[in-house]
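Take a look at the structure below.
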Amino acid sequence: MDATPPSPPAPAREATPVIAVVDDDQGIRTALHSLLRSVGYRVRVFADAPSFLAEAARERPDCLVTDIQMPGMGGLELQRAVRARYPGLPVIIITAFPEEAIREQALADGALHFFAKPFETAAMLRCLADAVGSAG
Amino acid sequence: MPPQMPPDMLDQAGISVWEEDWSEVGQAIAALRAAGLEPVEHLSTAPGLMEALHATVRITRVNQAALHLTGAAEARRLTGPLAEIVPASISTFPVWVAAMARGERFLRVESHLPHADGTLRDCLVMVRLPSRPEDYARLLVCVADITDYKADQARLAEAERESHRAFRASAVGMLTAAIAHEVNNPLAAVVTNAEAALRWLRRATPDLAEAEAAITALIQDSLRARDVVDRTRLLLARNAARPAALEARAAAEDALRLVEHDLRVAGATAALHAAPDLPAVRADPVHLQQILTNLLRNAAQAVEGNALPRHVALHLAPHRGGVLMRVADNGPGIAPERLARVFEPFFSTKAGGLGIGLAICRACAESNGGRLWATSTEGAGATFHLLLPAAP
């Protein structure tokens, strides 16, 4: 349940962007996995930050979508860890408990966008398209 | 003029008394005033002026209690230039000069005294200021060690902050954070799965298996959201009322103490008006406290932005065989169309508020066999009425 193997992308080409999703909520992982694949992205989902970092050390995703409140390493900390390794990697933050201070911190740390759950999927997909181009 | 006390009487005094010679300070103040200058202002114009004047002050005599206070072996160690014996006195020296220049009769300041054991003691310094020029030669300064008192005060303030934080963290704050997190996650999953299902179906070749999987997940997420609601209800049920006979007045006083900080922050004054001969009420003490502190905090926040004066009043009166507790503020009030809705969960007029405080209050009131309602005159404040039954 940690790292889902890359799904066969709808338009199967090597250039299809890979989106990594890190969220401790199984429901969110399943839903984003389906949504992002439905528009043609390749998706990898992770239940926690360390398993993502282990995978990202081997292969750089094109974009990271991460939750904030997670047991162990949280999303802000993860973003900083990712920044050190991949300075240009687009990071999108999603959270179920949006606080202004956390939003400001996330954006100050370089997050591309900050979405409060439940978020509008169209806005999320636009944001992804801006970051990595639309899939398919 | 300072009282002329015989030396043995000074020694018997339980408080340390320091006789000090401020003659040159008195002369300097008189000279500056004669020249039409404001002494403290003038002494601050150039560096060193204040220090130079401070250096002229001498301690001429101390009593036995002063030795005890400072741990000094003999009085000789405590007589001489004030600046050398109590270096910290320079920080309050301008206050003394200012008080003397204004012709004040009495001065009380906090300062620090070095103790022979190397520590710095917190002290309260009290002095009757000279009224005649010759009195400056013999100032009687009383110094009390308040180190322990200050430490107690600091501990008390810390304990108050801690209990405040704990209360916030435990009650409504935790509940709202938990509910927000628990409900928003399945809700986000529902929306995302629904959107995904649509997109799988709208493909050139609809992917029915993926759409079905997304819809199945969506149903699971919806059930999960329902479970959150059920769990929350259980949480409240577990806190079922354990009613006891309570004195309404005592409960009201306790609640006012708990919100003292909020009232202070809001710059509001609070008043308790209790009718005599109130019957005891029947309510769960924790619930009653939660309701009253919630209503009082809301009232404090309601008046916060207001022009002064900001009032919060708690009225207790017998009503229909029970006791009616009314929390009234003179804030902006609540518009009629909003008044009926303020008890709905997630209906909040406060920025950052999640709006379940009043909903919980009403649920609490009703589980105690009481009622909670609100009235308001727009522009003249709001009143929340809590009616509790009398204890049998």
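Convention: chains lettered A, B, ... in structure tokens order; per-chain residue numbering from 1; ligands numbered from 1 as shown.
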
Sorted by chain and rising residue number, which residues of chain B lie within 10 Å of chain A, and what are their closest atom pairs and distances in Å to one decimal, counting only C-alpha atoms, as JSON lines?
{"residue": "B:Thr176", "atom": "CA", "partner": "A:Phe97", "partner_atom": "CA", "distance": 9.6}
{"residue": "B:Ala177", "atom": "CA", "partner": "A:Phe97", "partner_atom": "CA", "distance": 6.9}
{"residue": "B:Ala178", "atom": "CA", "partner": "A:Phe97", "partner_atom": "CA", "distance": 8.8}
{"residue": "B:Ile179", "atom": "CA", "partner": "A:Phe97", "partner_atom": "CA", "distance": 9.4}
{"residue": "B:Ala180", "atom": "CA", "partner": "A:Phe97", "partner_atom": "CA", "distance": 6.1}
{"residue": "B:His181", "atom": "CA", "partner": "A:Ala96", "partner_atom": "CA", "distance": 4.9}
{"residue": "B:Glu182", "atom": "CA", "partner": "A:Ala96", "partner_atom": "CA", "distance": 7.9}
{"residue": "B:Val183", "atom": "CA", "partner": "A:Ala96", "partner_atom": "CA", "distance": 8.2}
{"residue": "B:Asn184", "atom": "CA", "partner": "A:Ala96", "partner_atom": "CA", "distance": 5.2}
{"residue": "B:Asn185", "atom": "CA", "partner": "A:Ala96", "partner_atom": "CA", "distance": 5.9}
{"residue": "B:Pro186", "atom": "CA", "partner": "A:Gly27", "partner_atom": "CA", "distance": 6.6}
{"residue": "B:Leu187", "atom": "CA", "partner": "A:Pro118", "partner_atom": "CA", "distance": 5.8}
{"residue": "B:Ala188", "atom": "CA", "partner": "A:Pro118", "partner_atom": "CA", "distance": 3.8}
{"residue": "B:Ala189", "atom": "CA", "partner": "A:Ile28", "partner_atom": "CA", "distance": 5.0}
{"residue": "B:Val190", "atom": "CA", "partner": "A:Ala31", "partner_atom": "CA", "distance": 7.7}
{"residue": "B:Val191", "atom": "CA", "partner": "A:Pro118", "partner_atom": "CA", "distance": 7.1}
{"residue": "B:Thr192", "atom": "CA", "partner": "A:Ala31", "partner_atom": "CA", "distance": 5.6}
{"residue": "B:Asn193", "atom": "CA", "partner": "A:Ala31", "partner_atom": "CA", "distance": 4.9}
{"residue": "B:Ala194", "atom": "CA", "partner": "A:Ala31", "partner_atom": "CA", "distance": 8.6}
{"residue": "B:Glu195", "atom": "CA", "partner": "A:Leu35", "partner_atom": "CA", "distance": 6.9}
{"residue": "B:Ala196", "atom": "CA", "partner": "A:Leu35", "partner_atom": "CA", "distance": 4.2}
{"residue": "B:Ala197", "atom": "CA", "partner": "A:Leu35", "partner_atom": "CA", "distance": 7.7}
{"residue": "B:Leu198", "atom": "CA", "partner": "A:Ser38", "partner_atom": "CA", "distance": 9.1}
{"residue": "B:Arg199", "atom": "CA", "partner": "A:Ser38", "partner_atom": "CA", "distance": 6.0}
{"residue": "B:Trp200", "atom": "CA", "partner": "A:Ser38", "partner_atom": "CA", "distance": 5.6}
{"residue": "B:Leu201", "atom": "CA", "partner": "A:Ser38", "partner_atom": "CA", "distance": 9.3}
{"residue": "B:Arg202", "atom": "CA", "partner": "A:Ser38", "partner_atom": "CA", "distance": 9.7}
{"residue": "B:Arg203", "atom": "CA", "partner": "A:Ser38", "partner_atom": "CA", "distance": 8.5}
{"residue": "B:Asp207", "atom": "CA", "partner": "A:Ser38", "partner_atom": "CA", "distance": 9.1}
{"residue": "B:Glu210", "atom": "CA", "partner": "A:Ser34", "partner_atom": "CA", "distance": 7.5}
{"residue": "B:Ala211", "atom": "CA", "partner": "A:Ser34", "partner_atom": "CA", "distance": 8.8}
{"residue": "B:Ala213", "atom": "CA", "partner": "A:Ser34", "partner_atom": "CA", "distance": 8.6}
{"residue": "B:Ala214", "atom": "CA", "partner": "A:Ser34", "partner_atom": "CA", "distance": 6.8}
{"residue": "B:Ile215", "atom": "CA", "partner": "A:Ala31", "partner_atom": "CA", "distance": 9.7}
{"residue": "B:Ala217", "atom": "CA", "partner": "A:Gly27", "partner_atom": "CA", "distance": 7.4}
{"residue": "B:Leu218", "atom": "CA", "partner": "A:Ala31", "partner_atom": "CA", "distance": 8.1}
{"residue": "B:Gln220", "atom": "CA", "partner": "A:Gly27", "partner_atom": "CA", "distance": 8.3}
{"residue": "B:Asp221", "atom": "CA", "partner": "A:Gly27", "partner_atom": "CA", "distance": 6.5}
{"residue": "B:Arg224", "atom": "CA", "partner": "A:Gly27", "partner_atom": "CA", "distance": 9.3}
{"residue": "B:Gly352", "atom": "CA", "partner": "A:Glu99", "partner_atom": "CA", "distance": 8.5}

Give me a file of those residues, with N, CA, C and O atoms, as a compact mmCIF listing (two decimals), in the first residue's frame.
# COMPACT_ATOMS: atom_id res chain seq x y z
N THR B 176 -12.75 20.76 17.19
CA THR B 176 -12.91 21.35 15.86
C THR B 176 -11.82 20.87 14.92
O THR B 176 -12.10 20.56 13.76
N ALA B 177 -10.59 20.82 15.42
CA ALA B 177 -9.50 20.36 14.55
C ALA B 177 -9.76 18.93 14.10
O ALA B 177 -9.60 18.59 12.93
N ALA B 178 -10.20 18.10 15.04
CA ALA B 178 -10.44 16.70 14.72
C ALA B 178 -11.58 16.58 13.71
O ALA B 178 -11.48 15.85 12.72
N ILE B 179 -12.67 17.31 13.97
CA ILE B 179 -13.82 17.22 13.07
C ILE B 179 -13.44 17.71 11.67
O ILE B 179 -13.74 17.08 10.66
N ALA B 180 -12.73 18.84 11.62
CA ALA B 180 -12.34 19.40 10.32
C ALA B 180 -11.50 18.39 9.55
O ALA B 180 -11.75 18.12 8.38
N HIS B 181 -10.52 17.83 10.24
CA HIS B 181 -9.62 16.90 9.58
C HIS B 181 -10.37 15.65 9.14
O HIS B 181 -10.25 15.19 8.02
N GLU B 182 -11.18 15.12 10.05
CA GLU B 182 -11.87 13.85 9.78
C GLU B 182 -12.94 13.98 8.71
O GLU B 182 -13.20 13.03 7.99
N VAL B 183 -13.58 15.13 8.64
CA VAL B 183 -14.65 15.29 7.66
C VAL B 183 -14.10 15.75 6.31
O VAL B 183 -14.56 15.31 5.26
N ASN B 184 -13.12 16.63 6.34
CA ASN B 184 -12.60 17.18 5.08
C ASN B 184 -11.89 16.14 4.23
O ASN B 184 -11.93 16.21 3.01
N ASN B 185 -11.24 15.18 4.87
CA ASN B 185 -10.56 14.15 4.08
C ASN B 185 -11.53 13.30 3.27
O ASN B 185 -11.39 13.23 2.05
N PRO B 186 -12.52 12.67 3.90
CA PRO B 186 -13.46 11.89 3.07
C PRO B 186 -14.22 12.75 2.07
O PRO B 186 -14.51 12.31 0.96
N LEU B 187 -14.49 14.00 2.46
CA LEU B 187 -15.20 14.89 1.55
C LEU B 187 -14.36 15.16 0.30
O LEU B 187 -14.86 15.13 -0.83
N ALA B 188 -13.07 15.41 0.51
CA ALA B 188 -12.18 15.64 -0.63
C ALA B 188 -12.11 14.38 -1.50
O ALA B 188 -12.09 14.46 -2.73
N ALA B 189 -12.10 13.21 -0.84
CA ALA B 189 -12.03 11.97 -1.59
C ALA B 189 -13.31 11.76 -2.40
O ALA B 189 -13.26 11.30 -3.56
N VAL B 190 -14.45 12.11 -1.82
CA VAL B 190 -15.73 11.98 -2.54
C VAL B 190 -15.70 12.82 -3.82
O VAL B 190 -15.98 12.34 -4.92
N VAL B 191 -15.35 14.09 -3.67
CA VAL B 191 -15.34 15.00 -4.82
C VAL B 191 -14.35 14.52 -5.89
O VAL B 191 -14.67 14.49 -7.08
N THR B 192 -13.18 14.10 -5.43
CA THR B 192 -12.14 13.68 -6.37
C THR B 192 -12.54 12.40 -7.10
O THR B 192 -12.35 12.27 -8.31
N ASN B 193 -13.11 11.46 -6.36
CA ASN B 193 -13.55 10.21 -6.99
C ASN B 193 -14.68 10.46 -7.98
O ASN B 193 -14.72 9.85 -9.06
N ALA B 194 -15.61 11.33 -7.62
CA ALA B 194 -16.72 11.64 -8.51
C ALA B 194 -16.19 12.24 -9.81
O ALA B 194 -16.60 11.85 -10.92
N GLU B 195 -15.26 13.18 -9.65
CA GLU B 195 -14.67 13.82 -10.83
C GLU B 195 -13.90 12.80 -11.67
O GLU B 195 -13.99 12.80 -12.90
N ALA B 196 -13.19 11.90 -11.00
CA ALA B 196 -12.43 10.87 -11.72
C ALA B 196 -13.38 9.97 -12.51
O ALA B 196 -13.15 9.67 -13.68
N ALA B 197 -14.48 9.56 -11.84
CA ALA B 197 -15.45 8.67 -12.51
C ALA B 197 -15.98 9.33 -13.77
O ALA B 197 -16.07 8.70 -14.84
N LEU B 198 -16.33 10.63 -13.67
CA LEU B 198 -16.83 11.35 -14.84
C LEU B 198 -15.80 11.33 -15.96
O LEU B 198 -16.13 11.12 -17.12
N ARG B 199 -14.56 11.58 -15.60
CA ARG B 199 -13.51 11.65 -16.64
C ARG B 199 -13.26 10.28 -17.27
O ARG B 199 -13.01 10.19 -18.47
N TRP B 200 -13.34 9.20 -16.46
CA TRP B 200 -13.20 7.86 -17.06
C TRP B 200 -14.35 7.59 -18.02
O TRP B 200 -14.16 7.00 -19.08
N LEU B 201 -15.55 8.06 -17.66
CA LEU B 201 -16.72 7.81 -18.51
C LEU B 201 -16.70 8.66 -19.77
O LEU B 201 -17.22 8.27 -20.80
N ARG B 202 -16.10 9.83 -19.67
CA ARG B 202 -16.13 10.77 -20.81
C ARG B 202 -15.00 10.52 -21.80
O ARG B 202 -14.85 11.28 -22.75
N ARG B 203 -14.20 9.52 -21.55
CA ARG B 203 -13.13 9.24 -22.51
C ARG B 203 -13.74 8.80 -23.83
O ARG B 203 -14.90 8.37 -23.89
N ASP B 207 -13.94 4.07 -19.83
CA ASP B 207 -13.34 2.98 -19.06
C ASP B 207 -14.27 2.67 -17.90
O ASP B 207 -14.21 3.29 -16.84
N GLU B 210 -12.71 1.42 -14.45
CA GLU B 210 -12.13 2.50 -13.63
C GLU B 210 -13.23 3.36 -13.02
O GLU B 210 -13.16 3.74 -11.84
N ALA B 211 -14.26 3.66 -13.81
CA ALA B 211 -15.37 4.48 -13.31
C ALA B 211 -16.05 3.76 -12.15
O ALA B 211 -16.37 4.38 -11.12
N ALA B 213 -14.76 1.53 -10.15
CA ALA B 213 -13.86 1.53 -8.99
C ALA B 213 -13.91 2.88 -8.27
O ALA B 213 -13.96 2.95 -7.04
N ALA B 214 -13.94 3.96 -9.07
CA ALA B 214 -13.96 5.30 -8.46
C ALA B 214 -15.27 5.51 -7.70
O ALA B 214 -15.28 6.07 -6.60
N ILE B 215 -16.39 5.06 -8.29
CA ILE B 215 -17.68 5.24 -7.63
C ILE B 215 -17.77 4.37 -6.37
O ILE B 215 -18.29 4.80 -5.33
N ALA B 217 -15.26 3.56 -4.49
CA ALA B 217 -14.44 4.26 -3.49
C ALA B 217 -15.20 5.44 -2.92
O ALA B 217 -15.15 5.71 -1.72
N LEU B 218 -15.93 6.12 -3.80
CA LEU B 218 -16.71 7.30 -3.40
C LEU B 218 -17.74 6.92 -2.33
O LEU B 218 -17.93 7.63 -1.34
N GLN B 220 -17.55 4.41 -0.27
CA GLN B 220 -16.80 4.15 0.95
C GLN B 220 -16.46 5.45 1.68
O GLN B 220 -16.57 5.54 2.90
N ASP B 221 -16.04 6.44 0.89
CA ASP B 221 -15.67 7.72 1.51
C ASP B 221 -16.88 8.40 2.16
O ASP B 221 -16.77 9.01 3.22
N ARG B 224 -17.54 6.79 5.32
CA ARG B 224 -16.53 7.20 6.29
C ARG B 224 -16.91 8.56 6.91
O ARG B 224 -16.78 8.75 8.11
N GLY B 352 -11.89 32.67 11.22
CA GLY B 352 -11.10 31.59 11.82
C GLY B 352 -11.91 30.71 12.75
O GLY B 352 -11.45 29.68 13.19

- Item | In stretch 21-72 of chain B, DSSP strand (DSSP E) residues written as an MDAnalysis selection string | chainID B and resid 21 58:62

- Message: Please list as a list in words every residue within 10 Å of stretch 126-133 of chain A, counting only C-alpha atoms and excluding residues in the same chain fewer than 5 positions away.
- Response: Thr16, Pro17, Val18, Ile19, Leu36, Tyr41, Asp62, Cys63, Leu64, Val65, Leu89, Pro90, Val91, Ile92, Leu112, His113 and Thr121 of chain A

Requested write-out: all heavy atoms of the selected residues, as a CSV table (one decimal), in the first residue's frame:
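What landed in again.csv:
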chain,number,residue,atom,x,y,z
A,16,THR,N,5.3,11.0,-20.5
A,16,THR,CA,4.2,11.3,-19.7
A,16,THR,C,4.6,11.7,-18.3
A,16,THR,O,5.4,10.9,-17.6
A,16,THR,CB,3.3,10.0,-19.5
A,16,THR,OG1,2.9,9.6,-20.9
A,16,THR,CG2,2.1,10.3,-18.7
A,17,PRO,N,4.2,12.9,-17.8
A,17,PRO,CA,4.7,13.3,-16.4
A,17,PRO,C,4.3,12.4,-15.3
A,17,PRO,O,3.2,11.8,-15.4
A,17,PRO,CB,4.0,14.7,-16.3
A,17,PRO,CG,3.7,15.1,-17.6
A,17,PRO,CD,3.4,13.8,-18.4
A,18,VAL,N,5.2,12.2,-14.4
A,18,VAL,CA,4.9,11.4,-13.2
A,18,VAL,C,4.6,12.3,-12.0
A,18,VAL,O,5.3,13.2,-11.7
A,18,VAL,CB,6.2,10.5,-12.8
A,18,VAL,CG1,5.9,9.8,-11.5
A,18,VAL,CG2,6.5,9.6,-14.0
A,19,ILE,N,3.4,12.1,-11.4
A,19,ILE,CA,3.0,12.8,-10.3
A,19,ILE,C,3.1,11.9,-9.0
A,19,ILE,O,2.5,10.8,-9.0
A,19,ILE,CB,1.5,13.3,-10.4
A,19,ILE,CG1,1.2,13.9,-11.8
A,19,ILE,CG2,1.1,14.3,-9.3
A,19,ILE,CD1,1.9,15.2,-12.1
A,36,LEU,N,-5.9,11.5,-11.4
A,36,LEU,CA,-4.7,11.9,-12.1
A,36,LEU,C,-4.5,10.9,-13.3
A,36,LEU,O,-4.0,11.3,-14.4
A,36,LEU,CB,-3.5,12.0,-11.2
A,36,LEU,CG,-3.7,13.1,-10.1
A,36,LEU,CD1,-2.4,13.2,-9.3
A,36,LEU,CD2,-4.1,14.4,-10.7
A,41,TYR,N,-1.9,11.2,-16.5
A,41,TYR,CA,-0.7,11.3,-15.8
A,41,TYR,C,-0.3,9.9,-15.3
A,41,TYR,O,-1.1,9.0,-15.1
A,41,TYR,CB,-0.7,12.2,-14.6
A,41,TYR,CG,-0.8,13.6,-14.9
A,41,TYR,CD1,-2.0,14.4,-14.5
A,41,TYR,CD2,0.2,14.3,-15.6
A,41,TYR,CE1,-2.1,15.7,-14.8
A,41,TYR,CE2,0.1,15.7,-15.9
A,41,TYR,CZ,-1.1,16.4,-15.5
A,41,TYR,OH,-1.2,17.7,-15.8
A,62,ASP,N,7.9,14.3,-11.6
A,62,ASP,CA,7.8,15.6,-12.2
A,62,ASP,C,7.1,16.6,-11.3
A,62,ASP,O,7.2,17.9,-11.5
A,62,ASP,CB,7.0,15.5,-13.5
A,62,ASP,CG,7.9,14.7,-14.5
A,62,ASP,OD1,8.9,15.2,-14.9
A,62,ASP,OD2,7.5,13.5,-14.8
A,63,CYS,N,6.3,16.1,-10.4
A,63,CYS,CA,5.6,17.0,-9.5
A,63,CYS,C,5.2,16.2,-8.2
A,63,CYS,O,5.0,15.0,-8.2
A,63,CYS,CB,4.3,17.5,-10.1
A,63,CYS,SG,3.4,18.7,-9.1
A,64,LEU,N,5.2,16.9,-7.1
A,64,LEU,CA,4.8,16.3,-5.8
A,64,LEU,C,3.6,17.0,-5.3
A,64,LEU,O,3.5,18.2,-5.2
A,64,LEU,CB,6.0,16.5,-4.8
A,64,LEU,CG,5.6,16.1,-3.3
A,64,LEU,CD1,5.3,14.7,-3.1
A,64,LEU,CD2,6.8,16.5,-2.4
A,65,VAL,N,2.6,16.1,-4.9
A,65,VAL,CA,1.4,16.6,-4.3
A,65,VAL,C,1.4,16.0,-2.9
A,65,VAL,O,1.4,14.8,-2.7
A,65,VAL,CB,0.1,16.1,-5.0
A,65,VAL,CG1,-1.1,16.6,-4.3
A,65,VAL,CG2,0.1,16.7,-6.4
A,89,LEU,N,11.7,21.2,-8.2
A,89,LEU,CA,10.5,20.3,-8.3
A,89,LEU,C,9.3,21.0,-7.8
A,89,LEU,O,9.2,21.5,-6.7
A,89,LEU,CB,10.8,19.1,-7.4
A,89,LEU,CG,9.6,18.0,-7.4
A,89,LEU,CD1,9.7,17.2,-8.7
A,89,LEU,CD2,9.7,17.1,-6.2
A,90,PRO,N,8.2,21.1,-8.7
A,90,PRO,CA,7.0,21.7,-8.2
A,90,PRO,C,6.3,20.9,-7.1
A,90,PRO,O,6.2,19.7,-7.2
A,90,PRO,CB,6.1,21.7,-9.5
A,90,PRO,CG,6.9,21.2,-10.6
A,90,PRO,CD,8.1,20.5,-10.0
A,91,VAL,N,5.9,21.6,-6.0
A,91,VAL,CA,5.3,21.0,-4.9
A,91,VAL,C,3.9,21.6,-4.7
A,91,VAL,O,3.8,22.9,-4.6
A,91,VAL,CB,6.1,21.1,-3.6
A,91,VAL,CG1,5.4,20.5,-2.4
A,91,VAL,CG2,7.5,20.5,-3.8
A,92,ILE,N,2.9,20.8,-4.6
A,92,ILE,CA,1.5,21.3,-4.4
A,92,ILE,C,1.1,20.7,-3.0
A,92,ILE,O,1.3,19.5,-2.7
A,92,ILE,CB,0.5,20.8,-5.5
A,92,ILE,CG1,0.9,21.5,-6.8
A,92,ILE,CG2,-0.9,21.1,-5.1
A,92,ILE,CD1,0.2,20.9,-8.0
A,112,LEU,N,4.0,25.6,-4.9
A,112,LEU,CA,3.4,26.1,-6.1
A,112,LEU,C,1.9,26.6,-5.7
A,112,LEU,O,1.5,27.6,-6.2
A,112,LEU,CB,3.3,25.1,-7.2
A,112,LEU,CG,3.0,25.5,-8.6
A,112,LEU,CD1,4.1,26.4,-9.1
A,112,LEU,CD2,2.9,24.2,-9.5
A,113,HIS,N,1.2,25.8,-4.9
A,113,HIS,CA,-0.1,26.1,-4.6
A,113,HIS,C,-0.5,25.4,-3.3
A,113,HIS,O,0.1,24.4,-2.9
A,113,HIS,CB,-1.1,25.6,-5.7
A,113,HIS,CG,-2.3,26.5,-5.9
A,113,HIS,ND1,-3.2,26.6,-4.9
A,113,HIS,CD2,-2.6,27.4,-6.8
A,113,HIS,CE1,-4.2,27.5,-5.3
A,113,HIS,NE2,-3.8,28.0,-6.5
A,121,THR,N,-11.4,19.9,-8.1
A,121,THR,CA,-10.5,19.1,-8.9
A,121,THR,C,-10.0,19.8,-10.2
A,121,THR,O,-8.9,19.7,-10.6
A,121,THR,CB,-11.1,17.7,-9.3
A,121,THR,OG1,-12.5,18.0,-9.8
A,121,THR,CG2,-11.2,16.8,-8.2

Residues flagged helix (DSSP H, G or I) by DSSP in stretch 283-379 of chain B, as a short mmCIF file (atom, residue, chain, number, x, y, z; two decimals) with N, CA, C and O atoms, in the first residue's frame:
data_model
loop_
_atom_site.label_atom_id
_atom_site.label_comp_id
_atom_site.auth_asym_id
_atom_site.auth_seq_id
_atom_site.Cartn_x
_atom_site.Cartn_y
_atom_site.Cartn_z
N PRO B 285 -21.69 20.00 36.47
CA PRO B 285 -20.82 21.15 36.72
C PRO B 285 -19.87 21.45 35.56
O PRO B 285 -19.63 22.63 35.24
N VAL B 286 -19.33 20.41 34.92
CA VAL B 286 -18.40 20.64 33.80
C VAL B 286 -19.13 21.26 32.62
O VAL B 286 -18.65 22.21 31.98
N HIS B 287 -20.34 20.75 32.35
CA HIS B 287 -21.13 21.30 31.24
C HIS B 287 -21.47 22.76 31.48
O HIS B 287 -21.33 23.59 30.59
N LEU B 288 -21.92 23.03 32.70
CA LEU B 288 -22.33 24.41 33.01
C LEU B 288 -21.14 25.35 32.84
O LEU B 288 -21.26 26.44 32.26
N GLN B 289 -19.98 24.91 33.32
CA GLN B 289 -18.79 25.74 33.19
C GLN B 289 -18.43 25.96 31.72
O GLN B 289 -18.07 27.06 31.31
N GLN B 290 -18.56 24.88 30.92
CA GLN B 290 -18.23 25.00 29.50
C GLN B 290 -19.18 25.97 28.80
O GLN B 290 -18.76 26.79 28.00
N ILE B 291 -20.46 25.88 29.13
CA ILE B 291 -21.44 26.77 28.51
C ILE B 291 -21.14 28.22 28.89
O ILE B 291 -21.04 29.11 28.04
N LEU B 292 -20.98 28.46 30.20
CA LEU B 292 -20.80 29.84 30.66
C LEU B 292 -19.51 30.45 30.13
O LEU B 292 -19.49 31.59 29.67
N THR B 293 -18.41 29.68 30.16
CA THR B 293 -17.14 30.25 29.67
C THR B 293 -17.23 30.51 28.17
O THR B 293 -16.72 31.51 27.69
N ASN B 294 -17.90 29.62 27.44
CA ASN B 294 -18.07 29.85 26.01
C ASN B 294 -18.85 31.12 25.74
O ASN B 294 -18.47 31.94 24.90
N LEU B 295 -19.96 31.30 26.45
CA LEU B 295 -20.79 32.49 26.23
C LEU B 295 -20.03 33.75 26.63
O LEU B 295 -20.09 34.77 25.94
N LEU B 296 -19.27 33.66 27.74
CA LEU B 296 -18.53 34.84 28.20
C LEU B 296 -17.40 35.19 27.23
O LEU B 296 -17.14 36.36 26.94
N ARG B 297 -16.73 34.16 26.70
CA ARG B 297 -15.65 34.42 25.73
C ARG B 297 -16.22 35.05 24.47
O ARG B 297 -15.65 35.97 23.91
N ASN B 298 -17.36 34.50 24.01
CA ASN B 298 -18.01 35.09 22.83
C ASN B 298 -18.33 36.55 23.09
O ASN B 298 -18.14 37.40 22.23
N ALA B 299 -18.85 36.83 24.29
CA ALA B 299 -19.22 38.20 24.63
C ALA B 299 -17.99 39.09 24.62
O ALA B 299 -18.02 40.21 24.09
N ALA B 300 -16.88 38.59 25.18
CA ALA B 300 -15.64 39.37 25.21
C ALA B 300 -15.19 39.67 23.79
O ALA B 300 -14.81 40.80 23.46
N GLN B 301 -15.28 38.66 22.91
CA GLN B 301 -14.86 38.87 21.53
C GLN B 301 -15.81 39.82 20.81
O GLN B 301 -15.39 40.57 19.94
N ALA B 302 -17.08 39.78 21.20
CA ALA B 302 -18.07 40.64 20.54
C ALA B 302 -17.80 42.11 20.82
O ALA B 302 -18.03 42.96 19.96
N VAL B 303 -17.31 42.42 22.02
CA VAL B 303 -17.12 43.84 22.36
C VAL B 303 -15.72 44.31 22.00
O VAL B 303 -15.44 45.52 22.04
N GLU B 304 -14.84 43.38 21.62
CA GLU B 304 -13.42 43.72 21.45
C GLU B 304 -13.19 44.89 20.51
O GLU B 304 -12.39 45.76 20.79
N PRO B 336 -31.05 40.25 12.80
CA PRO B 336 -32.17 39.33 13.01
C PRO B 336 -32.08 38.06 12.16
O PRO B 336 -32.37 36.97 12.65
N GLU B 337 -31.63 38.20 10.90
CA GLU B 337 -31.60 37.01 10.04
C GLU B 337 -30.50 36.04 10.48
O GLU B 337 -30.53 34.86 10.15
N ARG B 338 -29.54 36.53 11.24
CA ARG B 338 -28.47 35.66 11.71
C ARG B 338 -28.78 35.07 13.10
O ARG B 338 -28.27 34.01 13.46
N LEU B 339 -29.62 35.79 13.82
CA LEU B 339 -29.89 35.42 15.21
C LEU B 339 -30.40 33.98 15.33
O LEU B 339 -29.97 33.23 16.21
N GLY B 357 -19.00 26.18 18.70
CA GLY B 357 -19.06 26.49 20.13
C GLY B 357 -20.49 26.61 20.64
O GLY B 357 -20.89 25.95 21.59
N LEU B 358 -21.30 27.43 19.96
CA LEU B 358 -22.68 27.64 20.41
C LEU B 358 -23.53 26.39 20.18
O LEU B 358 -24.44 26.10 20.96
N ALA B 359 -23.22 25.66 19.11
CA ALA B 359 -23.96 24.42 18.85
C ALA B 359 -23.74 23.44 20.00
O ALA B 359 -24.68 22.81 20.50
N ILE B 360 -22.48 23.34 20.44
CA ILE B 360 -22.16 22.45 21.55
C ILE B 360 -22.83 22.97 22.84
O ILE B 360 -23.36 22.20 23.64
N CYS B 361 -22.79 24.28 23.03
CA CYS B 361 -23.41 24.88 24.22
C CYS B 361 -24.90 24.52 24.30
O CYS B 361 -25.41 24.15 25.36
N ARG B 362 -25.59 24.66 23.16
CA ARG B 362 -27.03 24.38 23.17
C ARG B 362 -27.26 22.90 23.44
O ARG B 362 -28.14 22.53 24.24
N ALA B 363 -26.46 22.03 22.80
CA ALA B 363 -26.60 20.59 23.02
C ALA B 363 -26.36 20.27 24.50
O ALA B 363 -27.08 19.49 25.11
N CYS B 364 -25.35 20.91 25.07
CA CYS B 364 -25.04 20.72 26.49
C CYS B 364 -26.19 21.18 27.37
O CYS B 364 -26.59 20.49 28.31
N ALA B 365 -26.72 22.37 27.07
CA ALA B 365 -27.81 22.93 27.87
C ALA B 365 -29.01 21.96 27.84
O ALA B 365 -29.62 21.67 28.87
N GLU B 366 -29.31 21.45 26.64
CA GLU B 366 -30.49 20.59 26.51
C GLU B 366 -30.28 19.24 27.18
O GLU B 366 -31.20 18.68 27.75
N SER B 367 -29.03 18.73 27.11
CA SER B 367 -28.78 17.44 27.76
C SER B 367 -28.85 17.59 29.28
O SER B 367 -28.92 16.60 30.00
#

- Quick one: residues within 10 Å of A:Ala106, only C-alpha atoms counted, chain neighbours fewer than 3 positions away excluded, as a PyMOL selection string? chain A and resi 68+75-77+79-80+91-93+100-103+109-114
